[in-house]
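Student: Input structure_33.cif, format and content: mmCIF, C-alpha atoms and all ligand atoms.
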data_start
loop_
_atom_site.label_atom_id
_atom_site.label_comp_id
_atom_site.auth_asym_id
_atom_site.auth_seq_id
_atom_site.Cartn_x
_atom_site.Cartn_y
_atom_site.Cartn_z
CA MET A 1 15.01 -0.13 16.66
CA ALA A 2 15.38 -0.41 12.94
CA ASP A 3 15.79 2.73 10.85
CA ASP A 4 13.00 4.11 8.72
CA LEU A 5 13.14 3.21 5.05
CA LEU A 6 10.12 5.26 4.12
CA ARG A 7 8.39 8.21 5.76
CA VAL A 8 5.09 9.18 4.25
CA ARG A 9 3.82 12.56 5.42
CA ASP A 10 0.53 14.34 4.89
CA LEU A 11 -0.20 12.43 1.70
CA SER A 12 -3.51 13.34 0.07
CA THR A 13 -4.92 12.08 -3.20
CA ARG A 14 -8.15 13.20 -4.83
CA PHE A 15 -10.17 12.11 -7.84
CA PHE A 16 -11.73 14.92 -9.82
CA THR A 17 -14.74 13.13 -11.27
CA GLU A 18 -17.81 14.43 -13.07
CA ASP A 19 -19.81 13.76 -9.93
CA GLY A 20 -17.44 15.76 -7.78
CA GLN A 21 -14.18 15.57 -5.95
CA VAL A 22 -13.41 12.31 -4.12
CA ASN A 23 -11.02 12.63 -1.18
CA ALA A 24 -9.66 9.10 -1.52
CA VAL A 25 -6.57 9.58 0.64
CA GLU A 26 -6.60 12.29 3.27
CA SER A 27 -3.44 13.51 4.96
CA VAL A 28 -1.96 10.08 5.56
CA ASP A 29 1.20 9.63 7.65
CA PHE A 30 3.08 6.40 8.14
CA ASP A 31 6.60 5.03 8.37
CA VAL A 32 8.03 1.77 7.10
CA ARG A 33 11.13 0.49 8.85
CA ASP A 34 14.01 -1.50 7.41
CA GLY A 35 13.11 -5.15 7.13
CA GLU A 36 9.59 -4.96 8.48
CA VAL A 37 6.18 -5.83 7.16
CA PHE A 38 3.84 -2.88 7.56
CA GLY A 39 0.18 -3.73 7.11
CA ILE A 40 -2.58 -1.46 5.87
CA VAL A 41 -6.02 -2.82 6.67
CA GLY A 42 -9.53 -1.50 6.19
CA GLU A 43 -12.85 -2.12 4.51
CA SER A 44 -13.36 -1.87 0.78
CA GLY A 45 -13.16 1.74 -0.39
CA SER A 46 -11.15 2.97 2.59
CA GLY A 47 -8.26 4.14 0.39
CA LYS A 48 -5.67 1.38 0.80
CA SER A 49 -4.89 0.85 -2.89
CA VAL A 50 -4.88 4.55 -3.72
CA THR A 51 -2.43 5.09 -0.84
CA ALA A 52 -0.09 2.47 -2.33
CA LEU A 53 -0.41 3.89 -5.83
CA SER A 54 0.32 7.35 -4.46
CA VAL A 55 3.54 6.20 -2.81
CA ILE A 56 4.84 4.83 -6.12
CA ASP A 57 3.33 7.68 -8.15
CA LEU A 58 1.01 5.55 -10.23
CA VAL A 59 -2.24 7.41 -9.62
CA GLU A 60 -4.04 7.87 -12.90
CA SER A 61 -6.34 10.60 -14.13
CA PRO A 62 -8.80 11.82 -12.95
CA GLY A 63 -6.81 11.18 -9.77
CA ARG A 64 -4.02 13.42 -8.55
CA ILE A 65 -1.81 13.58 -5.49
CA THR A 66 -2.66 16.97 -4.06
CA SER A 67 -0.18 17.15 -1.18
CA GLY A 68 2.38 15.23 0.73
CA GLU A 69 5.91 13.98 0.99
CA VAL A 70 7.31 10.49 0.45
CA TRP A 71 10.75 10.36 2.05
CA TYR A 72 12.85 7.37 0.99
CA ARG A 73 16.16 6.59 2.66
CA ASN A 74 18.85 6.03 0.05
CA ALA A 75 22.20 7.73 0.62
CA ASP A 76 23.39 7.26 -3.00
CA LEU A 77 20.25 8.76 -4.42
CA ALA A 78 20.52 11.64 -1.95
CA ASP A 79 24.06 12.36 -3.15
CA GLU A 80 22.97 12.29 -6.76
CA VAL A 81 20.04 14.65 -6.49
CA ARG A 82 21.37 16.98 -3.78
CA ASP A 83 22.96 19.52 -6.15
CA ASP A 84 20.02 19.84 -8.51
CA THR A 85 17.16 19.55 -6.09
CA PRO A 86 18.43 20.36 -2.59
CA GLU A 87 14.87 20.83 -1.33
CA ALA A 88 14.24 17.13 -2.05
CA VAL A 89 17.03 15.96 0.24
CA ASP A 90 17.17 15.68 4.01
CA GLY A 91 20.26 13.80 5.17
CA GLU A 92 20.03 10.34 3.62
CA PHE A 93 16.35 10.80 2.80
CA VAL A 94 14.98 11.91 -0.55
CA ASP A 95 11.45 13.18 -1.05
CA VAL A 96 10.63 11.19 -4.16
CA ARG A 97 7.73 13.54 -4.86
CA ARG A 98 10.18 16.37 -5.46
CA VAL A 99 12.76 14.71 -7.72
CA PRO A 100 12.36 14.92 -11.51
CA GLU A 101 9.74 12.53 -12.81
CA ASN A 102 12.15 10.29 -14.74
CA VAL A 103 14.24 9.77 -11.62
CA ARG A 104 11.13 8.88 -9.68
CA ARG A 105 10.06 6.46 -12.38
CA ALA A 106 13.49 4.84 -12.42
CA LEU A 107 13.02 3.89 -8.77
CA ARG A 108 10.31 1.42 -9.73
CA GLY A 109 11.93 -1.98 -9.78
CA PRO A 110 15.27 -1.43 -8.09
CA SER A 111 13.81 0.55 -5.17
CA PHE A 112 10.06 0.00 -5.05
CA SER A 113 8.39 -3.04 -6.51
CA THR A 114 4.77 -4.17 -6.50
CA ILE A 115 2.66 -7.28 -6.63
CA PHE A 116 -1.09 -7.33 -7.07
CA GLN A 117 -4.01 -9.68 -6.75
CA ASP A 118 -3.99 -10.55 -10.44
CA PRO A 119 -0.65 -11.92 -11.73
CA MET A 120 -1.76 -11.42 -15.32
CA SER A 121 -1.61 -7.68 -14.74
CA SER A 122 2.17 -7.99 -14.61
CA LEU A 123 2.80 -10.99 -16.86
CA ASN A 124 2.52 -11.02 -20.64
CA PRO A 125 0.60 -14.10 -21.89
CA SER A 126 2.60 -14.35 -25.12
CA LEU A 127 6.06 -14.64 -23.57
CA THR A 128 7.46 -17.48 -21.51
CA VAL A 129 7.66 -16.90 -17.80
CA GLY A 130 11.44 -17.22 -17.89
CA GLU A 131 11.84 -14.67 -20.66
CA GLN A 132 9.85 -12.12 -18.72
CA ILE A 133 11.74 -12.58 -15.50
CA ALA A 134 15.04 -12.49 -17.40
CA GLU A 135 13.92 -9.25 -18.97
CA ALA A 136 13.24 -7.75 -15.54
CA VAL A 137 16.68 -8.95 -14.40
CA GLU A 138 18.27 -7.38 -17.45
CA VAL A 139 16.54 -4.03 -17.02
CA GLN A 140 17.72 -3.83 -13.43
CA ARG A 141 21.24 -4.94 -14.36
CA ARG A 142 21.51 -2.16 -16.93
CA ALA A 143 20.06 0.34 -14.47
CA ARG A 144 22.78 -0.61 -12.00
CA SER A 145 25.61 -0.36 -14.50
CA ASN A 146 24.33 3.08 -15.51
CA PRO A 147 23.91 4.55 -12.08
CA ARG A 148 22.27 7.92 -11.65
CA THR A 149 25.65 9.63 -11.68
CA THR A 150 26.27 13.34 -11.99
CA ARG A 151 26.92 12.64 -15.66
CA SER A 152 23.23 11.99 -16.07
CA ARG A 153 22.52 15.60 -15.17
CA THR A 154 23.63 16.73 -18.60
CA GLN A 155 21.75 13.88 -20.20
CA GLY A 156 18.49 14.71 -18.51
CA PHE A 157 18.99 11.69 -16.27
CA GLY A 158 18.68 9.52 -19.41
CA LEU A 159 16.89 6.62 -17.82
CA THR A 160 13.67 6.65 -19.78
CA ASP A 161 15.05 4.28 -22.44
CA LEU A 162 15.84 1.75 -19.75
CA LEU A 163 12.25 1.89 -18.68
CA ALA A 164 10.94 1.56 -22.20
CA SER A 165 12.38 -1.93 -22.33
CA THR A 166 10.01 -3.07 -19.59
CA VAL A 167 7.11 -2.00 -21.73
CA PHE A 168 8.30 -3.83 -24.84
CA PRO A 169 10.04 -6.94 -23.63
CA SER A 170 12.21 -8.66 -26.19
CA ARG A 171 11.16 -12.04 -27.47
CA SER A 172 14.21 -13.98 -26.44
CA TYR A 173 16.62 -14.13 -23.58
CA VAL A 174 18.96 -11.18 -23.51
CA SER A 175 21.82 -13.30 -22.24
CA GLU A 176 22.54 -16.71 -20.78
CA GLU A 177 23.37 -14.92 -17.58
CA SER A 178 19.95 -13.35 -17.19
CA ARG A 179 18.31 -16.66 -18.09
CA ALA A 180 20.28 -18.34 -15.31
CA GLU A 181 19.25 -15.61 -12.92
CA ALA A 182 15.61 -15.99 -13.90
CA ILE A 183 15.78 -19.72 -13.17
CA ASP A 184 17.44 -18.91 -9.89
CA LEU A 185 14.62 -16.52 -8.99
CA LEU A 186 11.99 -19.10 -9.91
CA GLU A 187 13.72 -21.53 -7.60
CA GLN A 188 13.85 -18.93 -4.81
CA VAL A 189 10.08 -18.50 -4.96
CA GLY A 190 9.58 -22.25 -4.69
CA ILE A 191 8.77 -23.26 -8.26
CA PRO A 192 9.76 -26.89 -8.79
CA ASP A 193 11.83 -27.78 -11.87
CA PRO A 194 12.51 -24.10 -12.49
CA ALA A 195 14.62 -24.69 -15.61
CA GLU A 196 11.73 -26.46 -17.34
CA ARG A 197 9.02 -24.20 -15.98
CA ALA A 198 10.94 -21.15 -17.22
CA ASP A 199 10.14 -22.18 -20.79
CA GLU A 200 6.42 -22.39 -20.16
CA TYR A 201 3.85 -19.70 -20.82
CA PRO A 202 1.78 -18.09 -18.06
CA HIS A 203 -1.36 -20.08 -19.02
CA GLU A 204 0.50 -23.29 -18.22
CA PHE A 205 0.92 -22.16 -14.60
CA SER A 206 -1.61 -22.68 -11.81
CA GLY A 207 -2.86 -19.64 -9.86
CA GLY A 208 -0.45 -20.18 -6.98
CA MET A 209 2.50 -20.78 -9.32
CA LEU A 210 1.62 -17.64 -11.29
CA GLN A 211 1.60 -15.68 -8.06
CA ARG A 212 5.06 -17.05 -7.32
CA ALA A 213 6.27 -16.11 -10.81
CA MET A 214 4.98 -12.57 -10.30
CA ILE A 215 6.85 -12.39 -7.01
CA ALA A 216 10.01 -13.59 -8.78
CA GLN A 217 9.58 -10.84 -11.34
CA ALA A 218 9.05 -8.26 -8.60
CA LEU A 219 12.23 -9.40 -6.84
CA ALA A 220 14.40 -9.19 -9.97
CA GLY A 221 15.50 -5.66 -9.12
CA GLU A 222 16.29 -6.54 -5.51
CA PRO A 223 13.90 -3.87 -4.28
CA ASP A 224 14.17 -2.17 -0.91
CA LEU A 225 10.40 -2.05 -0.65
CA LEU A 226 7.80 -4.46 -1.94
CA ILE A 227 4.21 -3.21 -2.00
CA ALA A 228 1.79 -6.12 -1.98
CA ASP A 229 -1.84 -5.16 -2.65
CA GLU A 230 -4.15 -8.05 -1.70
CA PRO A 231 -1.61 -10.49 -3.15
CA THR A 232 -3.41 -13.63 -2.03
CA THR A 233 -7.07 -12.61 -2.06
CA ALA A 234 -7.90 -14.56 -5.22
CA LEU A 235 -6.25 -17.79 -4.08
CA ASP A 236 -7.68 -20.66 -2.12
CA VAL A 237 -6.85 -20.74 1.56
CA THR A 238 -4.02 -23.31 1.59
CA ILE A 239 -2.24 -21.56 -1.27
CA GLN A 240 -2.82 -18.18 0.40
CA ALA A 241 -1.00 -19.37 3.49
CA GLN A 242 1.88 -20.75 1.41
CA ILE A 243 2.32 -17.50 -0.49
CA LEU A 244 2.23 -15.45 2.71
CA ASP A 245 4.86 -17.70 4.27
CA LEU A 246 6.95 -17.38 1.12
CA LEU A 247 6.75 -13.58 1.29
CA ARG A 248 7.76 -13.60 4.93
CA ASP A 249 10.72 -15.92 4.17
CA LEU A 250 11.83 -13.79 1.22
CA GLN A 251 11.57 -10.70 3.38
CA GLU A 252 13.85 -12.28 5.96
CA ASP A 253 16.35 -13.51 3.36
CA THR A 254 16.61 -10.24 1.48
CA GLY A 255 16.06 -7.73 4.29
CA MET A 256 13.60 -5.80 2.17
CA SER A 257 10.56 -4.11 3.68
CA ILE A 258 7.01 -4.99 2.71
CA VAL A 259 3.84 -2.92 2.74
CA MET A 260 1.03 -5.47 2.91
CA ILE A 261 -2.41 -4.24 1.90
CA THR A 262 -5.37 -6.37 2.81
CA HIS A 263 -8.93 -6.33 4.12
CA ASN A 264 -8.19 -9.58 5.96
CA LEU A 265 -7.06 -9.27 9.56
CA GLY A 266 -5.93 -12.89 9.50
CA VAL A 267 -3.34 -11.90 6.90
CA ILE A 268 -2.24 -8.97 9.06
CA ALA A 269 -1.90 -11.18 12.12
CA ARG A 270 0.16 -13.73 10.21
CA MET A 271 2.49 -11.30 8.45
CA CYS A 272 2.87 -7.88 9.95
CA ASP A 273 5.12 -6.20 12.47
CA ARG A 274 3.19 -2.95 12.53
CA VAL A 275 -0.16 -1.99 11.15
CA GLY A 276 -2.18 1.04 10.10
CA VAL A 277 -5.97 0.85 10.08
CA MET A 278 -7.58 2.89 7.30
CA TYR A 279 -11.05 4.32 7.33
CA ALA A 280 -12.51 6.83 4.89
CA GLY A 281 -9.13 7.78 3.44
CA GLU A 282 -7.42 8.26 6.79
CA ILE A 283 -5.21 6.12 8.97
CA VAL A 284 -7.33 6.08 12.11
CA GLU A 285 -5.10 3.90 14.27
CA ARG A 286 -1.60 2.53 14.00
CA GLY A 287 1.07 0.88 16.05
CA THR A 288 2.73 -2.44 16.53
CA LEU A 289 0.65 -5.53 15.91
CA GLU A 290 0.44 -6.05 19.68
CA ASP A 291 -0.65 -2.45 20.34
CA VAL A 292 -3.37 -2.54 17.79
CA PHE A 293 -4.60 -6.10 18.29
CA ASP A 294 -4.36 -6.33 22.07
CA ASP A 295 -5.24 -2.79 22.98
CA PRO A 296 -7.28 -1.18 20.19
CA VAL A 297 -8.50 2.32 20.93
CA HIS A 298 -10.55 3.34 17.94
CA PRO A 299 -14.06 1.83 17.93
CA TYR A 300 -13.55 1.11 14.24
CA THR A 301 -10.50 -1.04 15.01
CA ARG A 302 -12.43 -2.74 17.78
CA GLY A 303 -15.26 -3.41 15.35
CA LEU A 304 -12.88 -4.94 12.81
CA LEU A 305 -11.26 -7.12 15.44
CA GLY A 306 -14.66 -8.24 16.64
CA SER A 307 -14.96 -10.07 13.37
CA ILE A 308 -11.43 -11.34 12.86
CA PRO A 309 -11.62 -13.90 10.10
CA ASP A 310 -10.04 -17.26 10.72
CA MET A 311 -7.18 -17.93 8.28
CA ASP A 312 -8.74 -21.35 7.70
CA ASP A 313 -12.13 -19.84 7.00
CA PRO A 314 -11.63 -16.30 5.77
CA ALA A 315 -14.68 -14.22 5.06
CA PRO A 316 -14.50 -12.99 1.47
CA ARG A 317 -15.05 -9.38 2.58
CA LEU A 318 -15.04 -7.66 5.92
CA GLN A 319 -18.49 -6.38 6.76
CA PRO A 320 -18.23 -6.20 10.49
CA ILE A 321 -19.79 -2.94 11.45
CA GLU A 322 -23.26 -1.76 10.74
CA GLY A 323 -23.47 1.07 8.26
CA ASN A 324 -21.26 2.01 5.35
CA VAL A 325 -17.96 3.63 4.58
CA PRO A 326 -18.82 7.20 3.53
CA ASN A 327 -18.56 7.85 -0.19
CA LEU A 328 -15.69 10.35 0.24
CA TYR A 329 -17.20 13.07 -1.96
CA ALA A 330 -15.54 16.22 -0.70
CA ASP A 331 -18.71 18.30 -0.65
CA GLU A 332 -20.35 15.74 1.63
CA MET A 333 -17.42 15.25 3.98
CA GLU A 334 -18.17 17.29 7.04
CA ASP A 335 -15.45 18.34 9.37
CA ARG A 336 -16.06 15.62 11.92
CA CYS A 337 -14.97 12.11 12.68
CA TYR A 338 -16.09 10.13 9.60
CA PHE A 339 -16.90 7.12 11.75
CA ALA A 340 -19.15 8.98 14.18
CA ASP A 341 -22.40 7.91 12.52
CA ARG A 342 -21.47 4.23 12.88
CA CYS A 343 -19.81 4.53 16.24
CA PRO A 344 -21.30 3.08 19.41
CA LYS A 345 -19.26 5.57 21.43
CA ALA A 346 -19.88 8.76 19.51
CA MET A 347 -19.70 11.83 21.75
CA GLU A 348 -20.15 15.53 21.19
CA GLU A 349 -16.40 15.86 20.62
CA CYS A 350 -16.72 13.62 17.57
CA LEU A 351 -18.40 16.44 15.68
CA ASP A 352 -14.94 17.95 15.41
CA HIS A 353 -12.39 16.31 13.17
CA PRO A 354 -10.00 14.59 15.60
CA PRO A 355 -6.24 14.88 15.17
CA GLU A 356 -4.17 11.79 15.84
CA PHE A 357 -3.61 11.34 19.54
CA ASP A 358 -0.76 9.44 21.08
CA VAL A 359 -2.51 6.71 23.03
CA GLU A 360 -0.02 6.82 25.92
CA THR A 361 -0.05 10.54 26.52
CA GLY A 362 -3.34 11.60 24.97
CA GLU A 363 -1.44 14.42 23.23
CA PRO A 364 -1.96 15.16 19.54
CA SER A 365 0.84 13.39 17.67
CA GLY A 366 0.22 14.58 14.13
CA GLY A 367 2.00 11.44 12.94
CA ARG A 368 5.27 13.24 13.42
CA THR A 369 6.41 11.86 16.73
CA GLU A 370 8.98 9.14 17.04
CA THR A 371 6.57 6.71 15.48
CA GLY A 372 5.85 3.13 16.24
CA GLU A 373 4.11 4.58 19.18
CA HIS A 374 0.50 3.77 19.32
CA GLY A 375 -1.58 6.52 17.72
CA ALA A 376 -5.30 6.83 17.11
CA ARG A 377 -7.44 9.43 15.40
CA CYS A 378 -10.16 9.23 18.01
CA VAL A 379 -11.08 11.25 21.06
CA LEU A 380 -10.98 8.02 23.09
CA ALA A 381 -7.20 8.16 22.73
CA GLN A 382 -7.33 11.39 24.67
CA HIS A 383 -9.92 10.64 27.31
CA GLU A 384 -12.40 8.07 28.53
CA TYR A 385 -15.79 7.53 27.02
CA ASP A 386 -18.30 9.72 28.82
CA PRO A 387 -21.91 8.49 28.41
CA SER A 388 -23.25 11.84 29.57
CA ARG A 389 -21.70 13.41 26.45
CA ALA A 390 -22.93 10.70 24.08
CA LEU A 391 -24.61 11.80 20.88
CA PRO A 392 -28.24 10.71 20.67
CA GLU A 393 -28.45 7.50 18.67
CA ASP A 394 -30.48 9.04 15.86
CA TYR A 395 -28.21 12.06 15.55
CA PHE A 396 -27.15 11.24 11.97
CA ARG A 397 -30.34 9.40 11.08
CA SER A 398 -31.58 12.10 8.69
CA GLU A 399 -28.75 11.26 6.27
CA ASP A 400 -29.81 7.66 5.82
CA ASP A 401 -31.64 8.23 2.54
CA THR A 402 -28.78 9.86 0.70
CA GLU A 403 -26.41 7.28 2.11
CA SER A 404 -28.13 4.29 0.59
CA GLU A 405 -28.27 6.10 -2.74
CA ARG A 406 -24.53 6.66 -2.62
CA GLU A 407 -23.79 3.13 -1.52
CA SER A 408 -24.44 1.69 -4.96
CA GLN A 409 -22.24 4.31 -6.60
CA THR A 410 -19.33 3.59 -4.29
CA GLU A 411 -19.57 -0.08 -5.13
CA GLU A 412 -19.48 0.67 -8.81
CA VAL A 413 -16.30 2.70 -8.61
CA SER A 414 -14.32 0.19 -6.59
CA ALA A 415 -15.74 -2.95 -8.16
CA ASP A 416 -12.89 -3.58 -10.58
CA ASP A 417 -10.25 -3.26 -7.89
N1 LIG B 501 -10.37 6.03 -10.72
C1 LIG B 501 -11.12 6.46 -9.71
N2 LIG B 501 -12.04 7.43 -9.89
C2 LIG B 501 -12.81 7.87 -8.88
N3 LIG B 501 -12.72 7.42 -7.61
C3 LIG B 501 -11.83 6.45 -7.36
C4 LIG B 501 -10.99 5.90 -8.39
N4 LIG B 501 -10.21 4.94 -7.84
C5 LIG B 501 -10.55 4.89 -6.52
N5 LIG B 501 -11.53 5.79 -6.23
C6 LIG B 501 -12.15 6.02 -4.92
O1 LIG B 501 -11.14 6.16 -3.95
C7 LIG B 501 -11.55 5.57 -2.74
C8 LIG B 501 -10.50 4.61 -2.25
O2 LIG B 501 -10.40 3.51 -3.14
P1 LIG B 501 -9.34 2.34 -2.93
O3 LIG B 501 -9.35 1.53 -4.18
O4 LIG B 501 -8.04 2.89 -2.49
O5 LIG B 501 -9.98 1.51 -1.75
P2 LIG B 501 -9.42 0.16 -1.09
O6 LIG B 501 -9.32 0.41 0.37
O7 LIG B 501 -8.21 -0.28 -1.80
O8 LIG B 501 -10.65 -0.83 -1.34
P3 LIG B 501 -10.65 -2.39 -1.77
O9 LIG B 501 -10.50 -3.18 -0.50
O10 LIG B 501 -12.01 -2.57 -2.38
O11 LIG B 501 -9.55 -2.63 -2.73
C9 LIG B 501 -12.91 4.92 -3.01
O12 LIG B 501 -13.92 5.78 -2.55
C10 LIG B 501 -12.96 4.82 -4.49
O13 LIG B 501 -14.29 4.91 -4.92
NI NI B 502 -7.76 -1.93 -2.98
#
As structure tokens, what does this structure read like?
Ligand SMILES: Nc1ncnc2c1ncn2[C@@H]1O[C@H](COP(=O)(O)OP(=O)(O)OP(=O)(O)O)[C@@H](O)[C@H]1O
Ligand code: NI
Tutor:
Amino acid sequence: MADDLLRVRDLSTRFFTEDGQVNAVESVDFDVRDGEVFGIVGESGSGKSVTALSVIDLVESPGRITSGEVWYRNADLADEVRDDTPEAVDGEFVDVRRVPENVRRALRGPSFSTIFQDPMSSLNPSLTVGEQIAEAVEVQRRARSNPRTTRSRTQGFGLTDLLASTVFPSRSYVSEESRAEAIDLLEQVGIPDPAERADEYPHEFSGGMLQRAMIAQALAGEPDLLIADEPTTALDVTIQAQILDLLRDLQEDTGMSIVMITHNLGVIARMCDRVGVMYAGEIVERGTLEDVFDDPVHPYTRGLLGSIPDMDDPAPRLQPIEGNVPNLYADEMEDRCYFADRCPKAMEECLDHPPEFDVETGEPSGGRTETGEHGARCVLAQHEYDPSRALPEDYFRSEDDTESERESQTEEVSADD
């Protein structure tokens, strides 16, 4: 079994809005192994993107990570930070939440890289594609030749100036070498005539080609982990499939790990080794693709799978299960299973907040067992459905009015995602 590259523990992120506190990510645990694709799937508003942003520390105000650890395996980094921040080191793992902020920021690119749905969020329209990729290559090259040595301790880790250059890319190629590498990267991501295309501007690229260019830029630092948040959602189906295949090929060639975020189970089925199903800010079920697809335990997972979209005919949005994702306002989150009011198998036990149970043993796993095991945050992982303990169907009915009011608000907040 491959080693863990990332161990996320008890990660919680909240938004402190004028309307109240939103518990967007609630005590999330997951692991990402070396060289695997880990999928995070769930309906809109379930907390997938905020989870990803939390891992790379890009949550913006009024959001804040309120608890959790993000352990990243990197022996060199562990050696470098051990003296100054021993509490952030455990063997070869470093809790990136506990290292100084500039060190954490310097991991973006060479350690963690990201691609999003909209390539223009990472490409500058006024620079050629080649210049921008060369710039990313150059930034990473300098970062490598100035490693985070003990020397940096006296210089306050001195990496912020390296990062500044990503914000203000220069207008020409830094060197012939980085230009050559940019062309090489464009070729790797399947852009034909890469030397010519390198001199074109983003608007001269088609949607699929732009997506490839963004991937090239994300790969410039040779990251250990690529976080892909709905990377193909905006593309037409044939191009979607090509980009997914490209990502899978690049993953195999480079050995990097990928966290793939999507609301499309077809994408999960095509890409992922293991998967976590998110609902209302929690991972409610996780395991290998086979575990989760062939033997789902949580009624939410079963509901999702009941409407698995065909890759050739993907539904634009999953809307498989009657009812709505709760709005996640803390003062309305009761201490019960958040799916209970939509669940065909809700029992009296569901009025308590379920821990994660190991599906094999039915024992609480707390996400801290030797993972990869099949876990589910549902009492059905512990024992059989018992109709005599079923909640009456209209048990939550009285909340319907407030729910439909909230529905429109939730849509507003996540609409620009
Ligand atoms: N800036 C913000 N301010 C307030 N609430 C936010 C903010 N960003 C996200 N949220 C809330 O956090 C929750 C999780 O949002 P998130 O974007 O992670 O969902 P998602 O699963 O990625 O959905 P989608 O599939 O639509 O991208 C939602 O309830 C959302 O309303
Ligand atoms: Ni999202």
Student: Could you jot down the CA of Leu210 in chain A to CA of Met260 in chain A separation for me, Å, one decimal place?
Tutor: 18.7 Å
Student: Which one is closest to ligand LIG 501 (chain B): A:Val32, A:Ala52, A:Ile258, A:Leu11? Count only C-alpha atoms and all ligand atoms.
Tutor: A:Ala52
Student: Would you write out, as a Markdown table, a table of all residues in chain A that have an atom no more than 9 Å from an atom of ligand LIG 501 (chain B), listing for each the closest atom pair and the distance in Å to one decimal, considering all atoms listed in the file and ordering rows by chain and rising residue number?
Tutor:
| residue | atom | partner | partner_atom | distance |
| --- | --- | --- | --- | --- |
| A:Thr13 | CA | B:LIG501 | O1 | 8.6 |
| A:Arg14 | CA | B:LIG501 | O1 | 7.7 |
| A:Phe15 | CA | B:LIG501 | C2 | 5.1 |
| A:Phe16 | CA | B:LIG501 | C2 | 7.2 |
| A:Thr17 | CA | B:LIG501 | C2 | 6.1 |
| A:Gln21 | CA | B:LIG501 | C2 | 8.4 |
| A:Val22 | CA | B:LIG501 | N3 | 6.0 |
| A:Asn23 | CA | B:LIG501 | O1 | 7.0 |
| A:Ala24 | CA | B:LIG501 | O1 | 4.1 |
| A:Val25 | CA | B:LIG501 | C8 | 7.0 |
| A:Ile40 | CA | B:LIG501 | O6 | 8.9 |
| A:Val41 | CA | B:LIG501 | O6 | 7.8 |
| A:Gly42 | CA | B:LIG501 | O6 | 6.1 |
| A:Glu43 | CA | B:LIG501 | O9 | 5.6 |
| A:Ser44 | CA | B:LIG501 | O9 | 3.4 |
| A:Gly45 | CA | B:LIG501 | O5 | 3.5 |
| A:Ser46 | CA | B:LIG501 | O6 | 3.9 |
| A:Gly47 | CA | B:LIG501 | O4 | 3.1 |
| A:Lys48 | CA | B:LIG501 | O6 | 3.8 |
| A:Ser49 | CA | B:LIG501 | O7 | 3.7 |
| A:Val50 | CA | B:LIG501 | O4 | 3.8 |
| A:Thr51 | CA | B:LIG501 | O4 | 6.2 |
| A:Ala52 | CA | B:LIG501 | O4 | 8.0 |
| A:Leu53 | CA | B:LIG501 | O4 | 8.4 |
| A:Val59 | CA | B:LIG501 | N1 | 8.3 |
| A:Glu60 | CA | B:LIG501 | N1 | 6.9 |
| A:Ser61 | CA | B:LIG501 | N1 | 7.0 |
| A:Pro62 | CA | B:LIG501 | N2 | 6.3 |
| A:Gly63 | CA | B:LIG501 | N1 | 6.3 |
| A:Asp229 | CA | B:LIG501 | O7 | 8.1 |
| A:Glu230 | CA | B:LIG501 | O11 | 7.7 |
| A:Ile261 | CA | B:LIG501 | O7 | 7.9 |
| A:Thr262 | CA | B:LIG501 | O9 | 6.9 |
| A:His263 | CA | B:LIG501 | O9 | 5.8 |
| A:Met278 | CA | B:LIG501 | O6 | 7.6 |
| A:Tyr279 | CA | B:LIG501 | O6 | 8.2 |
| A:Ala280 | CA | B:LIG501 | O12 | 7.6 |
| A:Gly281 | CA | B:LIG501 | C8 | 6.7 |
| A:Arg317 | CA | B:LIG501 | O9 | 8.3 |
| A:Val325 | CA | B:LIG501 | O12 | 8.5 |
| A:Pro326 | CA | B:LIG501 | O12 | 7.9 |
| A:Asn327 | CA | B:LIG501 | O12 | 5.6 |
| A:Leu328 | CA | B:LIG501 | O12 | 5.6 |
| A:Tyr329 | CA | B:LIG501 | O12 | 8.0 |
| A:Gln409 | CA | B:LIG501 | O13 | 8.1 |
| A:Thr410 | CA | B:LIG501 | O13 | 5.2 |
| A:Glu411 | CA | B:LIG501 | O13 | 7.3 |
| A:Glu412 | CA | B:LIG501 | O13 | 7.7 |
| A:Val413 | CA | B:LIG501 | O13 | 4.7 |
| A:Ser414 | CA | B:LIG501 | O13 | 5.0 |
| A:Ala415 | CA | B:LIG501 | O10 | 6.9 |
| A:Asp416 | CA | B:LIG501 | O10 | 8.3 |
| A:Asp417 | CA | B:LIG501 | O11 | 5.2 |
Student: As a short mmCIF file (atom, residue, chain, number, x, y, z; two decimals) with C-alpha atoms, in the coordinates of the input, please: the residues near range 213-225 of chain A (cut-off 7 Å, all atoms listed in the file, same-chain neighbours under 2 positions excluded).
Tutor:
data_model
loop_
_atom_site.label_atom_id
_atom_site.label_comp_id
_atom_site.auth_asym_id
_atom_site.auth_seq_id
_atom_site.Cartn_x
_atom_site.Cartn_y
_atom_site.Cartn_z
CA GLY A 109 11.93 -1.98 -9.78
CA PRO A 110 15.27 -1.43 -8.09
CA SER A 111 13.81 0.55 -5.17
CA PHE A 112 10.06 0.00 -5.05
CA SER A 113 8.39 -3.04 -6.51
CA THR A 114 4.77 -4.17 -6.50
CA ILE A 115 2.66 -7.28 -6.63
CA PRO A 119 -0.65 -11.92 -11.73
CA SER A 122 2.17 -7.99 -14.61
CA ILE A 133 11.74 -12.58 -15.50
CA ALA A 136 13.24 -7.75 -15.54
CA VAL A 137 16.68 -8.95 -14.40
CA GLN A 140 17.72 -3.83 -13.43
CA LEU A 185 14.62 -16.52 -8.99
CA LEU A 186 11.99 -19.10 -9.91
CA VAL A 189 10.08 -18.50 -4.96
CA MET A 209 2.50 -20.78 -9.32
CA LEU A 210 1.62 -17.64 -11.29
CA GLN A 211 1.60 -15.68 -8.06
CA ILE A 227 4.21 -3.21 -2.00
CA MET A 256 13.60 -5.80 2.17
CA SER A 257 10.56 -4.11 3.68
CA ILE A 258 7.01 -4.99 2.71
#
